[in-house]
Amino acid sequence: MRILRLVLILAAVSAALAPDLAAQKMGRSYREFPAFGFKFKPLDSWMDVPVAPDDKESGVIAQLDAERGVYVKVEGNSRPEFKPSLLVVKVDPPKATTDGGGEGEGDGLRGKIDVEKGTEAGVREVILRAYRGGLREAEFKEVVPEIEDVKLNKEITLKHELYVTYMVYSNGIGVDNVLDCWVLSLADTRIFFLWTYPDQERKDWQKAVEKTMKTLRLTDSVEPEVSSIDSDSSYDDILAYHANEVAQTPGWRVVETPSKRYLIKTNEEDKKKINEVIKRLEASREVFEVDFPPETPITHISVVRVCASQEEFHKYGSTTPGVAGWFSPRTTELVLFFDNNMGPDAVLEVMTHEGFHQYCHFLFGQTEAHRWFDEGTGDYYGGFDMKGSKLVPDADMSGGLKRAGEIKDMIRQGSVKPLGRHLRFDHGEWQSQGPSNVSGYAQSWSIIYFLRQGMRGKVSSKYWKKEYAEIIPNYIAYLSAGWKEAQAETIKKYADMLDGEGTMSPEDRARLEEQMRDVIAIMMRDPELRDKVWDRAIAESWGKIDEPEFEARWQKFVLDEL
C-alpha cells in the first residue's frame with residue numbers, strides 16, 4: 001500500500017478562510033500508549049486512526065489528523081485545504097547481531113539515524129521513512145536549532161526542533177509546512193512526535209502543540225499477553241494478539257464470530273450493523289466453500305476491519321474516493337466502512353465481493369487468478385441476497401454497484417472487449433480496458449453470471465451448451481495445480497527449516513513464515529511464471545470450447561435476459 005499521511009485536498013474557495021481555532025485547543029482526555037509507557041493529551045477534535053501494517057514497519061505507532069483543515073495560499077492564488085497531522089514514530093537504535101556485526105531486527109524504525117543528538121539529518125531520515133510513499137520531496141528550507149530542550153519534570157526532558165519544509169506531495173502540489181519535532185528519550189528507544197501544520201499559521205499552531213506536548217507523562221508499560229502469532233497459534237492466542245493490537249487505538253475493539261473463522265476489528269458503535277456484517281460474512285463463506293471446496297480445510301482466521309466512517313477508511317488505507325473496500329494479500333486483512341453516503345446493502349455487497357478475494361487467497365495458495373475470474377466472481381456473489389441466514393443468487397448488486405446496465409450498453413455500442421482478449425488480460429490491461437472505470441467489472445460479472453447460472457440450470461438451452469459447465473471447474477483445477485507445482489520447492493525448503501531440530505520461538509517461527517510468504521509473493525509476480533500458469537489454465541478451460549460461439553451466445557443472453 002502506498003502511504004499518504006499528509007493530505008492535501010484540492011478545494012475551490014473564493015476567499016481566504018481563517019484557521020479552525022477549535023482544532024488548536026488541547027483535549028481533556030489523555031491518549032494512552034500502554035505498550036510504550038507514556039501518555040499525553042492530544043489536541044481536541046482530532047481523528048485517531050489505527051496504524052496500517054506497512055506503517056508499523058516504518059516505526060509509526062500512532063497517527064492523528066485534524067478533523068477539519070485550514071486553507072493555505074499557494075502559487076496561482078489557489079487555496080487548497082491542508083489538514084495538520086501528527087505521527088508518533090518509535091525509533092530503535094541499531095542493534096548488533098549475535099556474531100557482533102550488522103544490524104538486528106526490531107519492532108521500531110531502524111537505520112543509521114542519529115537519534116541521540118536529533119540532528120537535522122537524523123530527523124530528515126525519520127520524516128522521509130515515516131511518510132514513506134506520500135512525499136515526493138521534502139526540502140528543508142529553514143532549521144530552528146536554537147530552541148531549548150523542554151524539561152517537564154525529573155523524568156522527562158523533551159528535545160524540541162522546528163523545521164520549515166517545502167513538501168511536494170504525490171499529487172504534485174508543493175506547500176511550505178512546519179514540521180514541529182519533539183523527541184522523548186526512553187531507556188531503549190526514542191519516540192518522535194512529528195507535528196505538521198502550515199507555515200502560514202505557525203504562531204498559533206506552535207503554541208498549541210507546545211501546550212499539548214507539555215502534558216506528556218510516563219506510565220507503566222503493559223507487556224502484551226501474546227506478542228506474535230504463527231500458523232500453529234491457538235485461537236485464544238490469535239484473539240489475544242489482535243485484542244492487544246486494537247487496544248493501541250482508542251475506541252476500537254475486537255468482535256468474535258460464531259464460527260471462529262473471522263475476527264472483526266471495528267470502532268462502529270452500532271452493534272446491529274456489526275451483527276449484519278457477521279451474518280452475511282458467515283453466509284458468504286458457506287457459499288464459497290460449497291462452490292469452491294478447498295482440498296484441505298482453510299484454518300486461517302481472517303481479519304475484517306470495519307471503519308465507522310469513510311474518512312477513517314481512507315486514512316487507514318491511504319485510499320482515494322471511489323474505493324469502497326479492499327483486501328490486502330500481504331496482511332490478509334479485509335477493510336470496509338459504514339457511512340451515511342453509502343447504504344448498508346452496498347456495504348454488505350462490497351464485503352462479500354472482497355470476502356471472495358480473501359477466500360481465494362487461501363484457496364489458491366496465496367496466489368492470483370485472472371481478473372475476469374477474480375473480480376467477476378466477487379461481483380457475482382456480491383449480488384446475492386440474504387434470505388434468513390443464507391445467501392441466494394440474485395441478478396445484480398444494488399445502487400452504484402449495478403453492472404447489468406453497463407454491460408448491455410457496452411454490447412449495444414460495440415465497446416465491449418473481444419472475449420479472447422478480455423479473458424487473457426493481465427491486471428493492468430484489465431483495469432484500464434474502458435470505456436469507463438467499471439467496464440471491466442461489468443463484462444467480467446456478466447460472463448461469470450452466465451456461467452454460474454448455467455451451471456445451476458437457470459439458463460435456457462437457447463443460450464447454454466452443456467460443455468460450458470466445465471469452464472470454471474477446469475480453470476480452477478489447472479490454475480491451482482500450476483501454482484502448487486511452482487511453489488513446491490520453496491514450501492519444502494521452509495517446511496524443513498520450520499520442522500528442523502531444536503526449538504524455535506513463536507517470534508522466530510512467525511518471522512520465518514512471513515519470509516516464506518514474501519519469497520512466494522515475489523516469485524508469483526514473475527511475469528514468465530504467471531503467464532505459464534495462466535496460459536495453461538485458459539487452454540484447459542476456454543480452449544476446450546468454441547470461443548466465438550460462446551461469445552455470441554453470452555452477448556445474446558445479456559441483451560435478452562438481464
# chains A, B, ... in the order shown; residues from 1 in each chain; ligands from 1

call {"tool": "select_by_dssp", "arguments": {"residues": "range 396-508 of chain A", "states": "alpha helix (DSSP H)", "output": "short mmCIF file (atom, residue, chain, number, x, y, z; two decimals) with C-alpha atoms, in the first residue's frame"}}
result
data_model
loop_
_atom_site.label_atom_id
_atom_site.label_comp_id
_atom_site.auth_asym_id
_atom_site.auth_seq_id
_atom_site.Cartn_x
_atom_site.Cartn_y
_atom_site.Cartn_z
CA ALA A 404 -26.24 -5.10 -15.92
CA GLY A 405 -26.99 -1.71 -17.44
CA GLU A 406 -23.31 -1.05 -18.09
CA ILE A 407 -22.65 -4.30 -19.97
CA LYS A 408 -25.85 -4.04 -22.03
CA ASP A 409 -24.86 -0.52 -23.13
CA MET A 410 -21.34 -1.73 -23.97
CA ILE A 411 -22.67 -4.52 -26.20
CA ARG A 412 -25.15 -2.22 -27.97
CA GLN A 413 -22.49 0.45 -28.53
CA LEU A 419 -13.86 -12.21 -25.36
CA GLY A 420 -10.48 -13.72 -26.23
CA ARG A 421 -8.66 -10.53 -25.21
CA HIS A 422 -10.73 -9.88 -22.10
CA LEU A 423 -10.09 -13.36 -20.72
CA ARG A 424 -6.32 -13.08 -21.23
CA HIS A 427 -4.11 -7.00 -14.27
CA GLY A 428 -3.07 -3.65 -15.75
CA GLU A 429 -4.76 -4.29 -19.10
CA TRP A 430 -7.93 -5.48 -17.41
CA GLN A 431 -8.10 -2.45 -15.11
CA SER A 439 -16.40 -1.62 -17.72
CA GLY A 440 -14.06 -4.48 -16.83
CA TYR A 441 -16.16 -5.32 -13.79
CA ALA A 442 -19.38 -5.30 -15.80
CA GLN A 443 -18.04 -7.54 -18.57
CA SER A 444 -16.43 -9.99 -16.14
CA TRP A 445 -19.52 -10.09 -13.93
CA SER A 446 -21.80 -10.88 -16.87
CA ILE A 447 -19.55 -13.75 -18.03
CA ILE A 448 -19.45 -15.28 -14.55
CA TYR A 449 -23.19 -14.73 -14.09
CA PHE A 450 -23.89 -16.54 -17.38
CA LEU A 451 -21.59 -19.44 -16.45
CA ARG A 452 -22.73 -19.81 -12.85
CA GLN A 453 -26.44 -19.56 -13.57
CA GLY A 454 -26.00 -22.03 -16.42
CA MET A 455 -24.26 -24.46 -14.07
CA ILE A 471 -15.12 -24.00 -17.93
CA ILE A 472 -14.88 -22.80 -14.33
CA PRO A 473 -14.03 -26.20 -12.76
CA ASN A 474 -11.27 -26.82 -15.31
CA TYR A 475 -9.92 -23.30 -14.93
CA ILE A 476 -9.73 -23.69 -11.13
CA ALA A 477 -8.18 -27.16 -11.28
CA TYR A 478 -5.35 -26.22 -13.65
CA LEU A 479 -4.74 -22.86 -12.04
CA SER A 480 -4.36 -24.47 -8.61
CA ALA A 481 -2.17 -27.27 -9.93
CA GLY A 482 0.10 -24.82 -11.74
CA TRP A 483 0.66 -22.64 -8.72
CA LYS A 484 1.24 -25.61 -6.42
CA GLU A 485 3.85 -27.01 -8.76
CA ALA A 486 5.61 -23.63 -8.91
CA GLN A 487 5.63 -23.23 -5.11
CA ALA A 488 6.52 -26.78 -4.14
CA GLU A 489 10.29 -26.36 -3.87
CA THR A 490 10.09 -23.14 -1.83
CA ILE A 491 7.46 -24.54 0.53
CA LYS A 492 9.52 -27.69 1.12
CA LYS A 493 12.63 -25.63 1.86
CA TYR A 494 10.88 -23.58 4.54
CA ALA A 495 8.98 -26.58 5.91
CA ASP A 496 12.31 -28.30 6.54
CA MET A 497 13.56 -25.19 8.34
CA LEU A 498 10.42 -24.92 10.45
CA PRO A 506 7.00 -18.21 18.31
CA GLU A 507 8.55 -14.89 17.20
CA ASP A 508 11.20 -16.66 15.06
#

call {"tool": "residues_around", "arguments": {"residues": "Asn275 in chain A", "least_positions_apart": "2", "cutoff": "12 Å", "atoms": "only C-alpha atoms", "output": "list in words"}}
result
Val255, Glu256, Thr257, Pro258, Ile264, Thr266, Glu268, Glu269, Asp270, Lys271, Lys272, Lys273, Val277, Ile278, Lys279, Arg280, Leu281, Glu282, Val306, Leu348 and Ser389 of chain A

call {"tool": "write_last_selection", "arguments": {"atoms": "N, CA and C atoms", "output": "PDB file, in the first residue's frame"}}
result
ATOM      1  N   VAL A 255     -14.399  -8.106  17.787  1.00  0.00           N
ATOM      2  CA  VAL A 255     -15.652  -8.839  17.937  1.00  0.00           C
ATOM      3  C   VAL A 255     -15.463 -10.230  17.328  1.00  0.00           C
ATOM      4  N   GLU A 256     -15.807 -11.253  18.087  1.00  0.00           N
ATOM      5  CA  GLU A 256     -15.684 -12.625  17.593  1.00  0.00           C
ATOM      6  C   GLU A 256     -16.904 -13.003  16.754  1.00  0.00           C
ATOM      7  N   THR A 257     -16.738 -14.023  15.916  1.00  0.00           N
ATOM      8  CA  THR A 257     -17.839 -14.556  15.120  1.00  0.00           C
ATOM      9  C   THR A 257     -18.149 -15.970  15.588  1.00  0.00           C
ATOM     10  N   PRO A 258     -19.397 -16.432  15.406  1.00  0.00           N
ATOM     11  CA  PRO A 258     -19.776 -17.770  15.901  1.00  0.00           C
ATOM     12  C   PRO A 258     -18.895 -18.894  15.364  1.00  0.00           C
ATOM     13  N   ILE A 264     -13.542  -9.557  13.839  1.00  0.00           N
ATOM     14  CA  ILE A 264     -13.929  -8.234  13.362  1.00  0.00           C
ATOM     15  C   ILE A 264     -13.222  -7.182  14.218  1.00  0.00           C
ATOM     16  N   THR A 266     -13.267  -3.197  14.826  1.00  0.00           N
ATOM     17  CA  THR A 266     -14.161  -2.101  14.461  1.00  0.00           C
ATOM     18  C   THR A 266     -14.216  -1.015  15.517  1.00  0.00           C
ATOM     19  N   GLU A 268     -17.122   0.891  15.006  1.00  0.00           N
ATOM     20  CA  GLU A 268     -18.542   1.145  14.768  1.00  0.00           C
ATOM     21  C   GLU A 268     -19.314   0.803  16.040  1.00  0.00           C
ATOM     22  N   GLU A 269     -20.032   1.782  16.577  1.00  0.00           N
ATOM     23  CA  GLU A 269     -20.730   1.584  17.844  1.00  0.00           C
ATOM     24  C   GLU A 269     -22.074   0.882  17.686  1.00  0.00           C
ATOM     25  N   ASP A 270     -22.650   0.909  16.494  1.00  0.00           N
ATOM     26  CA  ASP A 270     -23.958   0.298  16.258  1.00  0.00           C
ATOM     27  C   ASP A 270     -23.793  -1.226  16.170  1.00  0.00           C
ATOM     28  N   LYS A 271     -24.167  -1.917  17.223  1.00  0.00           N
ATOM     29  CA  LYS A 271     -23.996  -3.371  17.269  1.00  0.00           C
ATOM     30  C   LYS A 271     -24.851  -4.082  16.224  1.00  0.00           C
ATOM     31  N   LYS A 272     -25.980  -3.478  15.867  1.00  0.00           N
ATOM     32  CA  LYS A 272     -26.849  -4.087  14.864  1.00  0.00           C
ATOM     33  C   LYS A 272     -26.123  -4.164  13.518  1.00  0.00           C
ATOM     34  N   LYS A 273     -25.394  -3.106  13.166  1.00  0.00           N
ATOM     35  CA  LYS A 273     -24.643  -3.103  11.908  1.00  0.00           C
ATOM     36  C   LYS A 273     -23.578  -4.192  11.914  1.00  0.00           C
ATOM     37  N   VAL A 277     -22.997  -7.541   9.532  1.00  0.00           N
ATOM     38  CA  VAL A 277     -21.728  -7.888   8.892  1.00  0.00           C
ATOM     39  C   VAL A 277     -21.396  -9.354   9.162  1.00  0.00           C
ATOM     40  N   ILE A 278     -21.489  -9.751  10.422  1.00  0.00           N
ATOM     41  CA  ILE A 278     -21.151 -11.126  10.798  1.00  0.00           C
ATOM     42  C   ILE A 278     -22.077 -12.126  10.112  1.00  0.00           C
ATOM     43  N   LYS A 279     -23.365 -11.810  10.083  1.00  0.00           N
ATOM     44  CA  LYS A 279     -24.352 -12.702   9.480  1.00  0.00           C
ATOM     45  C   LYS A 279     -24.041 -12.943   8.011  1.00  0.00           C
ATOM     46  N   ARG A 280     -23.775 -11.866   7.272  1.00  0.00           N
ATOM     47  CA  ARG A 280     -23.502 -12.034   5.843  1.00  0.00           C
ATOM     48  C   ARG A 280     -22.112 -12.621   5.614  1.00  0.00           C
ATOM     49  N   LEU A 281     -21.172 -12.287   6.450  1.00  0.00           N
ATOM     50  CA  LEU A 281     -19.822 -12.821   6.314  1.00  0.00           C
ATOM     51  C   LEU A 281     -19.831 -14.343   6.443  1.00  0.00           C
ATOM     52  N   GLU A 282     -20.528 -14.827   7.439  1.00  0.00           N
ATOM     53  CA  GLU A 282     -20.606 -16.276   7.659  1.00  0.00           C
ATOM     54  C   GLU A 282     -21.364 -16.954   6.508  1.00  0.00           C
ATOM     55  N   VAL A 306     -13.729  -3.020  10.095  1.00  0.00           N
ATOM     56  CA  VAL A 306     -14.886  -2.216   9.703  1.00  0.00           C
ATOM     57  C   VAL A 306     -14.755  -0.836  10.335  1.00  0.00           C
ATOM     58  N   LEU A 348     -22.544  -4.291   2.572  1.00  0.00           N
ATOM     59  CA  LEU A 348     -22.519  -5.746   2.728  1.00  0.00           C
ATOM     60  C   LEU A 348     -22.200  -6.435   1.410  1.00  0.00           C
ATOM     61  N   SER A 389     -30.786 -16.929   7.041  1.00  0.00           N
ATOM     62  CA  SER A 389     -29.358 -16.996   7.359  1.00  0.00           C
ATOM     63  C   SER A 389     -28.523 -17.438   6.168  1.00  0.00           C
TER      64      SER A 389
END

call {"tool": "residues_around", "arguments": {"residues": "Cys307 in chain A", "least_positions_apart": "6", "cutoff": "9 Å", "atoms": "only C-alpha atoms", "output": "ChimeraX atom specification"}}
result
/A:265-268,313,316,335-339

call {"tool": "closest_residue", "arguments": {"among": "A:Leu363, A:Val164, A:Ile147, A:Leu43", "to": "Val209 in chain A", "atoms": "only C-alpha atoms"}}
result
A:Leu43

call {"tool": "residues_around", "arguments": {"residues": "Glu514 in chain A", "least_positions_apart": "2", "cutoff": "12 Å", "atoms": "only C-alpha atoms", "output": "PDB file with N, CA and C atoms, in the first residue's frame"}}
result
ATOM      1  N   SER A 228       3.388 -12.314  19.379  1.00  0.00           N
ATOM      2  CA  SER A 228       3.426 -12.709  17.972  1.00  0.00           C
ATOM      3  C   SER A 228       2.625 -13.990  17.790  1.00  0.00           C
ATOM      4  N   ILE A 229       2.192 -14.222  16.548  1.00  0.00           N
ATOM      5  CA  ILE A 229       1.426 -15.424  16.227  1.00  0.00           C
ATOM      6  C   ILE A 229       1.958 -16.029  14.941  1.00  0.00           C
ATOM      7  N   ASP A 230       1.709 -17.316  14.767  1.00  0.00           N
ATOM      8  CA  ASP A 230       2.101 -18.004  13.541  1.00  0.00           C
ATOM      9  C   ASP A 230       1.025 -19.020  13.191  1.00  0.00           C
ATOM     10  N   SER A 231       1.295 -19.863  12.211  1.00  0.00           N
ATOM     11  CA  SER A 231       0.280 -20.812  11.736  1.00  0.00           C
ATOM     12  C   SER A 231      -0.083 -21.854  12.774  1.00  0.00           C
ATOM     13  N   ARG A 330      -1.066  -9.293   1.350  1.00  0.00           N
ATOM     14  CA  ARG A 330       0.107  -9.393   2.215  1.00  0.00           C
ATOM     15  C   ARG A 330      -0.270  -9.573   3.675  1.00  0.00           C
ATOM     16  N   THR A 331      -1.270  -8.811   4.138  1.00  0.00           N
ATOM     17  CA  THR A 331      -1.674  -8.910   5.543  1.00  0.00           C
ATOM     18  C   THR A 331      -2.911  -9.789   5.732  1.00  0.00           C
ATOM     19  N   THR A 332      -3.567 -10.155   4.638  1.00  0.00           N
ATOM     20  CA  THR A 332      -4.804 -10.952   4.595  1.00  0.00           C
ATOM     21  C   THR A 332      -5.959 -10.256   5.312  1.00  0.00           C
ATOM     22  N   TYR A 494      11.238 -24.227   3.282  1.00  0.00           N
ATOM     23  CA  TYR A 494      10.879 -23.575   4.539  1.00  0.00           C
ATOM     24  C   TYR A 494      10.249 -24.564   5.516  1.00  0.00           C
ATOM     25  N   LEU A 498      11.359 -25.049   9.340  1.00  0.00           N
ATOM     26  CA  LEU A 498      10.416 -24.922  10.455  1.00  0.00           C
ATOM     27  C   LEU A 498      10.332 -26.195  11.280  1.00  0.00           C
ATOM     28  N   GLU A 507       8.175 -16.071  17.969  1.00  0.00           N
ATOM     29  CA  GLU A 507       8.554 -14.895  17.197  1.00  0.00           C
ATOM     30  C   GLU A 507       9.387 -15.298  15.981  1.00  0.00           C
ATOM     31  N   ASP A 508      10.360 -16.225  16.181  1.00  0.00           N
ATOM     32  CA  ASP A 508      11.198 -16.663  15.060  1.00  0.00           C
ATOM     33  C   ASP A 508      10.381 -17.446  14.034  1.00  0.00           C
ATOM     34  N   ARG A 509       9.447 -18.255  14.528  1.00  0.00           N
ATOM     35  CA  ARG A 509       8.602 -19.022  13.609  1.00  0.00           C
ATOM     36  C   ARG A 509       7.730 -18.076  12.772  1.00  0.00           C
ATOM     37  N   ALA A 510       7.139 -17.109  13.430  1.00  0.00           N
ATOM     38  CA  ALA A 510       6.289 -16.156  12.708  1.00  0.00           C
ATOM     39  C   ALA A 510       7.109 -15.382  11.678  1.00  0.00           C
ATOM     40  N   ARG A 511       8.336 -15.002  12.040  1.00  0.00           N
ATOM     41  CA  ARG A 511       9.198 -14.269  11.123  1.00  0.00           C
ATOM     42  C   ARG A 511       9.577 -15.123   9.919  1.00  0.00           C
ATOM     43  N   LEU A 512       9.854 -16.406  10.165  1.00  0.00           N
ATOM     44  CA  LEU A 512      10.232 -17.308   9.079  1.00  0.00           C
ATOM     45  C   LEU A 512       9.053 -17.553   8.141  1.00  0.00           C
ATOM     46  N   MET A 516       8.759 -16.686   4.171  1.00  0.00           N
ATOM     47  CA  MET A 516       8.337 -17.619   3.135  1.00  0.00           C
ATOM     48  C   MET A 516       7.230 -17.013   2.278  1.00  0.00           C
ATOM     49  N   ARG A 517       6.272 -16.351   2.906  1.00  0.00           N
ATOM     50  CA  ARG A 517       5.189 -15.731   2.139  1.00  0.00           C
ATOM     51  C   ARG A 517       5.721 -14.635   1.222  1.00  0.00           C
ATOM     52  N   ASP A 518       6.700 -13.869   1.729  1.00  0.00           N
ATOM     53  CA  ASP A 518       7.276 -12.805   0.911  1.00  0.00           C
ATOM     54  C   ASP A 518       8.024 -13.382  -0.291  1.00  0.00           C
ATOM     55  N   VAL A 519       8.778 -14.468  -0.065  1.00  0.00           N
ATOM     56  CA  VAL A 519       9.523 -15.101  -1.153  1.00  0.00           C
ATOM     57  C   VAL A 519       8.559 -15.622  -2.214  1.00  0.00           C
ATOM     58  N   ILE A 520       7.490 -16.265  -1.760  1.00  0.00           N
ATOM     59  CA  ILE A 520       6.499 -16.788  -2.701  1.00  0.00           C
ATOM     60  C   ILE A 520       5.818 -15.657  -3.451  1.00  0.00           C
ATOM     61  N   ALA A 521       5.487 -14.570  -2.732  1.00  0.00           N
ATOM     62  CA  ALA A 521       4.816 -13.437  -3.377  1.00  0.00           C
ATOM     63  C   ALA A 521       5.689 -12.847  -4.484  1.00  0.00           C
TER      64      ALA A 521
END

call {"tool": "closest_residue", "arguments": {"among": "A:Gly434, A:Pro527, A:Gly365, A:Gly317", "to": "Asp55 in chain A", "atoms": "only C-alpha atoms"}}
result
A:Gly317

call {"tool": "closest_residue", "arguments": {"among": "A:Ser432, A:Leu186, A:Glu289, A:Ile301", "to": "Arg371 in chain A", "atoms": "only C-alpha atoms"}}
result
A:Ser432

call {"tool": "closest_residue", "arguments": {"among": "A:Arg68, A:His357, A:Arg31, A:Arg456", "to": "Glu311 in chain A", "atoms": "only C-alpha atoms"}}
result
A:Arg68

call {"tool": "residues_around", "arguments": {"residues": "Met351 in chain A", "least_positions_apart": "2", "cutoff": "8 Å", "atoms": "only C-alpha atoms", "output": "PyMOL selection string"}}
result
chain A and resi 281+325+336+347-349+353-355+382

call {"tool": "select_by_dssp", "arguments": {"residues": "range 242-294 of chain A", "states": "strand (DSSP E)", "output": "number ranges by chain"}}
result
A: 253-256, 262-266

call {"tool": "atom_distance", "arguments": {"atom1": "CA of Pro250 in chain A", "atom2": "CA of His314 in chain A"}}
result
18.1 Å

call {"tool": "residues_around", "arguments": {"residues": "Ala66 in chain A", "least_positions_apart": "2", "cutoff": "10 Å", "atoms": "only C-alpha atoms", "output": "list in words"}}
result
Asp20, Ala23, Gln24, Leu43, Asp44, Ser45, Trp46, Met47, Asp48, Leu64, Arg68, Gly69, Val70, Phe82, Lys83, Pro84, Ser85, Leu86 and Tyr197 of chain A

call {"tool": "atom_distance", "arguments": {"atom1": "CA of Thr352 in chain A", "atom2": "CA of Phe327 in chain A"}}
result
11.2 Å

call {"tool": "residues_around", "arguments": {"residues": "Leu218 in chain A", "least_positions_apart": "6", "cutoff": "9 Å", "atoms": "only C-alpha atoms", "output": "PyMOL selection string"}}
result
chain A and resi 37-40+155-156

call {"tool": "closest_residue", "arguments": {"among": "A:Thr503, A:Thr367, A:Gln515, A:Asn437", "to": "Val533 in chain A", "atoms": "only C-alpha atoms"}}
result
A:Thr367
